[in-house]
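One structure below.
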Amino acid sequence: MQEQQSNKIVLVSTIILDNLGTALYGAIFSVYLYELGASFTELALISALPNLVALLLTRFWGIVSDEIHARKPFIAWSKIITPFFILAYGFTKNVKLIILLFILATILSSPGNPAFNALITTIGGKQRRGRALGYFVSSGTLGWAIGSFLSAYLVSLLSVTLLFIFSSLILFISAIIFAALYREHYNRKFFTKKLMSDSLHKAYSVKEFMVDKAILPLVGAMLIYNIGVVSFFQIFMIKYFIVIGKSMAFYAIVGGLSSILSALAPPFYGYIADKVGMKRLLAVMMLIRTIYMVLLAIIWDPFILTVLWILPIWAGVFLSSRGLATEILGDDKAARAQGTFSIAYLVSGIIGPLLAGPLADYIGARDNIALATPIYLFSIIMCLLAVILVTFFVKSGEN
């Protein structure tokens, strides 16, 4: 019990540091590239290509993690390798080179994501899964809030390159803390040729993929939903940047305010999920967020948009969908569940930007962002369709 509490403290601490470090540059990264001259298509590629790489690898690494009954080695490796790429991002002003770095970083860091999601969706046990997940999500958003405020302050005083340097340093410290202090006991299985071969078969065989058929309706619904969400916000983030006068510092501050509210909301969402069920919360929050997107599309007042922008609605969808994925397949297949579920986010992270970005350039949205209305309309229709699918076709949890 004492070791479990110690592990939770390590996890919370490193989650805060990870998000703080990432937010230092991430809070202004997209608009920074936009100011460098990146087109909507190039911004779309930066979002889409790493997701394509991750799509090919996430399920495989999730299965490997389950097979050797270990999470720590995968997470530690990804944490250690990431800061070096972030440092590299800061020393180039070439958007195409950044795209290539993103692809390479995604390939090398891909083992960690399914293992990490499995860890945080199982550590609280079945009865308190929602609340435990809520605390971890809160920790991350708290770190992002601190990092966003620091980003706004530092970008006003220092060069953007220094943000990347500070970011990589903080992330490297987090990696050392996790590797040194997190304790994990697992069966002594190693990366044998047979284990890797079996994992490849399970990851990419259609027959093996259908073993997880219970989760596929959720994956399909969230795929459709996130295509809508990603397409929408691929354009809206630039609309908002323009509406507030293209101020990177203010953009980062608003991101920080949003993260503060997001840090407070997940335990509340988790408590509701434990009471009413992950599926019911998911359907309701998806509908609320769709209505929210309608308001963001039609409103142009900077104050009202700022108030709406900071609302932590996304956290309810994120928490309940992740938790539901693990519930459907069970704790013993948590990494596999998260690897399979991640397909929804990864594919939508490919399709959404590649739909919205080139279309925005084609209709001239870089010169007049008001022309982006057809993209918003498409996004909202996709989200409404997904709400219907979740309500009527997705399971409520384990049998």
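In the structure tokens, chains take the letters A, B, ... in the order shown, each chain's residues start at 1, and ligands count up from 1 in the order shown.
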Name all residues at most 8 Å from Leu101 (chain A) (count only C-alpha atoms; drop same-chain ones fewer than 3 positions away) and give them as a list of chain:residue names.
-> A:Phe85, A:Ala88, A:Tyr89, A:Leu97, A:Ile98, A:Leu104, A:Ala105
Among region 134-314 of chain A, which residues carry a DSSP assignment of alpha helix (DSSP H), reported as an MDAnalysis selection string?
-> chainID A and resid 134:157 160:181 193:204 206:209 216:243 248:276 278:298 302:309 313:314
Please identify all polymer residues within 12 Å of Ile363 (chain A), counting only C-alpha atoms, omitting same-chain residues fewer than 5 positions from it, and present them as a PyMOL selection string.
-> chain A and resi 40+356-358+368-375
Store the residues picked out above, limited to N, CA and C atoms, as a PDB file, in the first residue's frame.
```pdb
ATOM      1  N   PHE A  40      -2.223  26.646 -43.864  1.00  0.00           N
ATOM      2  CA  PHE A  40      -3.119  25.728 -43.166  1.00  0.00           C
ATOM      3  C   PHE A  40      -2.780  24.271 -43.521  1.00  0.00           C
ATOM      4  N   ALA A 356      -9.439  19.696 -43.224  1.00  0.00           N
ATOM      5  CA  ALA A 356      -9.644  21.115 -42.914  1.00  0.00           C
ATOM      6  C   ALA A 356      -8.549  22.008 -43.488  1.00  0.00           C
ATOM      7  N   GLY A 357      -7.283  21.586 -43.366  1.00  0.00           N
ATOM      8  CA  GLY A 357      -6.187  22.447 -43.790  1.00  0.00           C
ATOM      9  C   GLY A 357      -6.198  22.797 -45.269  1.00  0.00           C
ATOM     10  N   PRO A 358      -6.137  21.791 -46.162  1.00  0.00           N
ATOM     11  CA  PRO A 358      -6.166  22.114 -47.599  1.00  0.00           C
ATOM     12  C   PRO A 358      -7.448  22.830 -48.024  1.00  0.00           C
ATOM     13  N   ASN A 368      -8.939  35.449 -45.339  1.00  0.00           N
ATOM     14  CA  ASN A 368     -10.214  35.841 -44.721  1.00  0.00           C
ATOM     15  C   ASN A 368     -10.764  34.644 -43.943  1.00  0.00           C
ATOM     16  N   ILE A 369     -10.501  34.610 -42.646  1.00  0.00           N
ATOM     17  CA  ILE A 369     -10.867  33.465 -41.821  1.00  0.00           C
ATOM     18  C   ILE A 369     -12.378  33.260 -41.740  1.00  0.00           C
ATOM     19  N   ALA A 370     -13.148  34.276 -42.067  1.00  0.00           N
ATOM     20  CA  ALA A 370     -14.610  34.157 -42.029  1.00  0.00           C
ATOM     21  C   ALA A 370     -15.134  33.191 -43.086  1.00  0.00           C
ATOM     22  N   LEU A 371     -14.307  32.858 -44.065  1.00  0.00           N
ATOM     23  CA  LEU A 371     -14.728  31.942 -45.131  1.00  0.00           C
ATOM     24  C   LEU A 371     -14.743  30.478 -44.683  1.00  0.00           C
ATOM     25  N   ALA A 372     -14.364  30.223 -43.443  1.00  0.00           N
ATOM     26  CA  ALA A 372     -14.229  28.847 -42.964  1.00  0.00           C
ATOM     27  C   ALA A 372     -15.538  28.215 -42.506  1.00  0.00           C
ATOM     28  N   THR A 373     -16.664  28.877 -42.680  1.00  0.00           N
ATOM     29  CA  THR A 373     -17.963  28.382 -42.206  1.00  0.00           C
ATOM     30  C   THR A 373     -18.299  26.962 -42.690  1.00  0.00           C
ATOM     31  N   PRO A 374     -18.048  26.588 -43.952  1.00  0.00           N
ATOM     32  CA  PRO A 374     -18.353  25.207 -44.377  1.00  0.00           C
ATOM     33  C   PRO A 374     -17.611  24.147 -43.564  1.00  0.00           C
ATOM     34  N   ILE A 375     -16.397  24.449 -43.129  1.00  0.00           N
ATOM     35  CA  ILE A 375     -15.624  23.503 -42.321  1.00  0.00           C
ATOM     36  C   ILE A 375     -16.279  23.339 -40.954  1.00  0.00           C
TER      37      ILE A 375
END
```
Arg322 (chain A): which residues within 8 Å, counting only C-alpha atoms, same-chain residues fewer than 4 positions away excluded, as a PyMOL selection string?
-> chain A and resi 121+318+326+338+341
Restricting it to N, CA and C atoms, dump the selection as a compact mmCIF listing (two decimals), in the first residue's frame.
```txt
# COMPACT_ATOMS: atom_id res chain seq x y z
N THR A 121 -5.35 4.36 -16.10
CA THR A 121 -6.74 3.91 -16.09
C THR A 121 -6.94 2.66 -15.24
N PHE A 318 -12.79 13.41 -22.69
CA PHE A 318 -11.52 12.68 -22.62
C PHE A 318 -11.56 11.63 -21.51
N THR A 326 -11.19 1.10 -21.22
CA THR A 326 -10.64 0.09 -20.32
C THR A 326 -11.74 -0.77 -19.71
N GLN A 338 -6.27 0.57 -24.58
CA GLN A 338 -5.87 1.94 -24.85
C GLN A 338 -5.17 2.06 -26.20
N PHE A 341 -8.06 1.78 -28.68
CA PHE A 341 -8.87 2.99 -28.59
C PHE A 341 -8.16 4.19 -29.21
```
Within 7 Å of region 207-225 of chain A, which residues of region 285-329 of chain A come that close, and what is the closest atom pair and distance in Å for each? Count only C-alpha atoms and give it as JSON lines.
```
{"residue": "A:Ala325", "atom": "CA", "partner": "A:Ile215", "partner_atom": "CA", "distance": 6.6}
{"residue": "A:Ile328", "atom": "CA", "partner": "A:Ile215", "partner_atom": "CA", "distance": 6.2}
{"residue": "A:Leu329", "atom": "CA", "partner": "A:Ile215", "partner_atom": "CA", "distance": 7.0}
```
Take the residues from that selection and put them in a file with C-alpha atoms, as a PDB file, in the first residue's frame.
```pdb
ATOM      1  CA  ALA A 325     -12.322   1.849 -23.233  1.00  0.00           C
ATOM      2  CA  ILE A 328     -15.095  -2.627 -22.026  1.00  0.00           C
ATOM      3  CA  LEU A 329     -12.044  -4.910 -22.389  1.00  0.00           C
TER       4      LEU A 329
END
```
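Residue nearest Phe74 (chain A), chosen from A:Gly90, A:Gly62, A:Pro111, A:Pro50 and counting only C-alpha atoms: A:Pro111.
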What is the CA of Met286 (chain A)-CA of Asp301 (chain A) distance in Å, reported with one decimal?
-> 24.6 Å
Would you kindly return, as a PyMOL selection string, each protein, DNA or RNA residue with an atom no farther than 8 Å from any atom of Ser321 (chain A), considering only C-alpha atoms and excluding same-chain residues fewer than 2 positions away?
-> chain A and resi 278-279+282+317-319+323-325
Distance table requested - region 305-368 of chain A against region 229-245 of chain A, cut-off 12 Å, only C-alpha atoms: one row per qualifying residue with the closest atom pair and its distance in Å to one decimal, ordered by chain and rising residue number, as a Markdown table.
```
| residue | atom | partner | partner_atom | distance |
| --- | --- | --- | --- | --- |
| A:Leu305 | CA | A:Tyr240 | CA | 7.6 |
| A:Thr306 | CA | A:Tyr240 | CA | 8.3 |
| A:Val307 | CA | A:Tyr240 | CA | 11.8 |
| A:Leu308 | CA | A:Tyr240 | CA | 11.1 |
| A:Trp309 | CA | A:Tyr240 | CA | 9.0 |
| A:Trp314 | CA | A:Val229 | CA | 10.1 |
| A:Val317 | CA | A:Val229 | CA | 11.4 |
| A:Ala344 | CA | A:Val230 | CA | 11.6 |
| A:Tyr345 | CA | A:Val230 | CA | 9.3 |
| A:Leu346 | CA | A:Val230 | CA | 10.7 |
| A:Val347 | CA | A:Val230 | CA | 10.6 |
| A:Ser348 | CA | A:Val230 | CA | 7.0 |
| A:Gly349 | CA | A:Val230 | CA | 6.6 |
| A:Ile350 | CA | A:Val230 | CA | 9.1 |
| A:Ile351 | CA | A:Ser231 | CA | 8.3 |
| A:Gly352 | CA | A:Ser231 | CA | 4.5 |
| A:Pro353 | CA | A:Ser231 | CA | 5.6 |
| A:Leu354 | CA | A:Ser231 | CA | 8.3 |
| A:Leu355 | CA | A:Ser231 | CA | 6.9 |
| A:Ala356 | CA | A:Ser231 | CA | 5.2 |
| A:Gly357 | CA | A:Gln234 | CA | 7.3 |
| A:Pro358 | CA | A:Ile235 | CA | 10.9 |
| A:Leu359 | CA | A:Ser231 | CA | 10.3 |
| A:Ala360 | CA | A:Ile235 | CA | 7.7 |
| A:Asp361 | CA | A:Ile235 | CA | 10.5 |
| A:Ala365 | CA | A:Ile235 | CA | 8.7 |
| A:Arg366 | CA | A:Ile238 | CA | 8.9 |
| A:Asp367 | CA | A:Ile242 | CA | 11.0 |
| A:Asn368 | CA | A:Lys239 | CA | 9.5 |
```
Best match for closeness to Leu281 (chain A) among A:Asn117, A:Ser168, A:Thr391, A:Ser39, counting only C-alpha atoms | A:Thr391
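Checking A:Gly37, A:Gly270, A:Phe29, A:Ser109 one by one against Ser151 (chain A), counting only C-alpha atoms, you find the shortest gap at A:Phe29.
Checking A:Leu389, A:Leu11, A:Ala334, A:Met285 one by one against Phe178 (chain A), counting only C-alpha atoms, you find the shortest gap at A:Leu11.
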Distance criterion (only C-alpha atoms): nearest to Thr92 (chain A) out of A:Lys79, A:Thr161, A:Leu56, A:Lys193 | A:Thr161
Near-Asp66 (chain A) list (10 Å; only C-alpha atoms; drop same-chain fewer than 5 positions) as a compact mmCIF listing (two decimals) with N, CA, C and O atoms, in the first residue's frame:
```
# COMPACT_ATOMS: atom_id res chain seq x y z
N TRP A 61 2.62 -1.66 -29.57
CA TRP A 61 3.32 -1.45 -28.29
C TRP A 61 2.40 -1.69 -27.10
O TRP A 61 2.85 -2.13 -26.04
N ARG A 71 4.80 -1.70 -17.58
CA ARG A 71 4.49 -0.37 -18.11
C ARG A 71 5.73 0.54 -18.06
O ARG A 71 6.01 1.29 -18.99
N PRO A 114 0.52 3.96 -25.02
CA PRO A 114 -0.46 2.98 -24.55
C PRO A 114 -0.15 2.48 -23.14
O PRO A 114 -1.07 2.22 -22.35
N ALA A 115 1.13 2.34 -22.81
CA ALA A 115 1.50 1.88 -21.47
C ALA A 115 1.11 2.92 -20.42
O ALA A 115 0.61 2.57 -19.34
N ALA A 118 -2.67 2.94 -20.00
CA ALA A 118 -3.06 1.75 -19.25
C ALA A 118 -2.80 1.93 -17.77
O ALA A 118 -3.60 1.55 -16.91
N SER A 199 3.37 -10.49 -30.89
CA SER A 199 2.75 -9.17 -30.72
C SER A 199 2.46 -8.50 -32.06
O SER A 199 1.42 -7.87 -32.24
N ASP A 332 -7.14 -6.36 -17.30
CA ASP A 332 -6.03 -7.21 -17.74
C ASP A 332 -5.63 -6.94 -19.19
O ASP A 332 -4.56 -7.36 -19.64
N LYS A 333 -6.48 -6.24 -19.92
CA LYS A 333 -6.16 -5.87 -21.30
C LYS A 333 -6.15 -4.34 -21.45
O LYS A 333 -6.44 -3.82 -22.52
N ALA A 334 -5.77 -3.66 -20.38
CA ALA A 334 -5.89 -2.20 -20.37
C ALA A 334 -5.00 -1.54 -21.43
O ALA A 334 -5.45 -0.62 -22.14
N ALA A 335 -3.75 -1.98 -21.53
CA ALA A 335 -2.86 -1.36 -22.52
C ALA A 335 -3.32 -1.67 -23.94
O ALA A 335 -3.28 -0.83 -24.83
N ARG A 336 -3.79 -2.90 -24.14
CA ARG A 336 -4.34 -3.29 -25.43
C ARG A 336 -5.57 -2.43 -25.75
O ARG A 336 -5.74 -1.96 -26.87
N ALA A 337 -6.43 -2.25 -24.74
CA ALA A 337 -7.63 -1.43 -24.92
C ALA A 337 -7.26 0.00 -25.30
O ALA A 337 -7.84 0.59 -26.22
```
For Gly364 (chain A), which residue among A:Ser320, A:Thr41, A:Ile46, A:Leu171 is the nearest when counting only C-alpha atoms?
->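 Closest to Gly364 (chain A), using only C-alpha atoms: A:Thr41.
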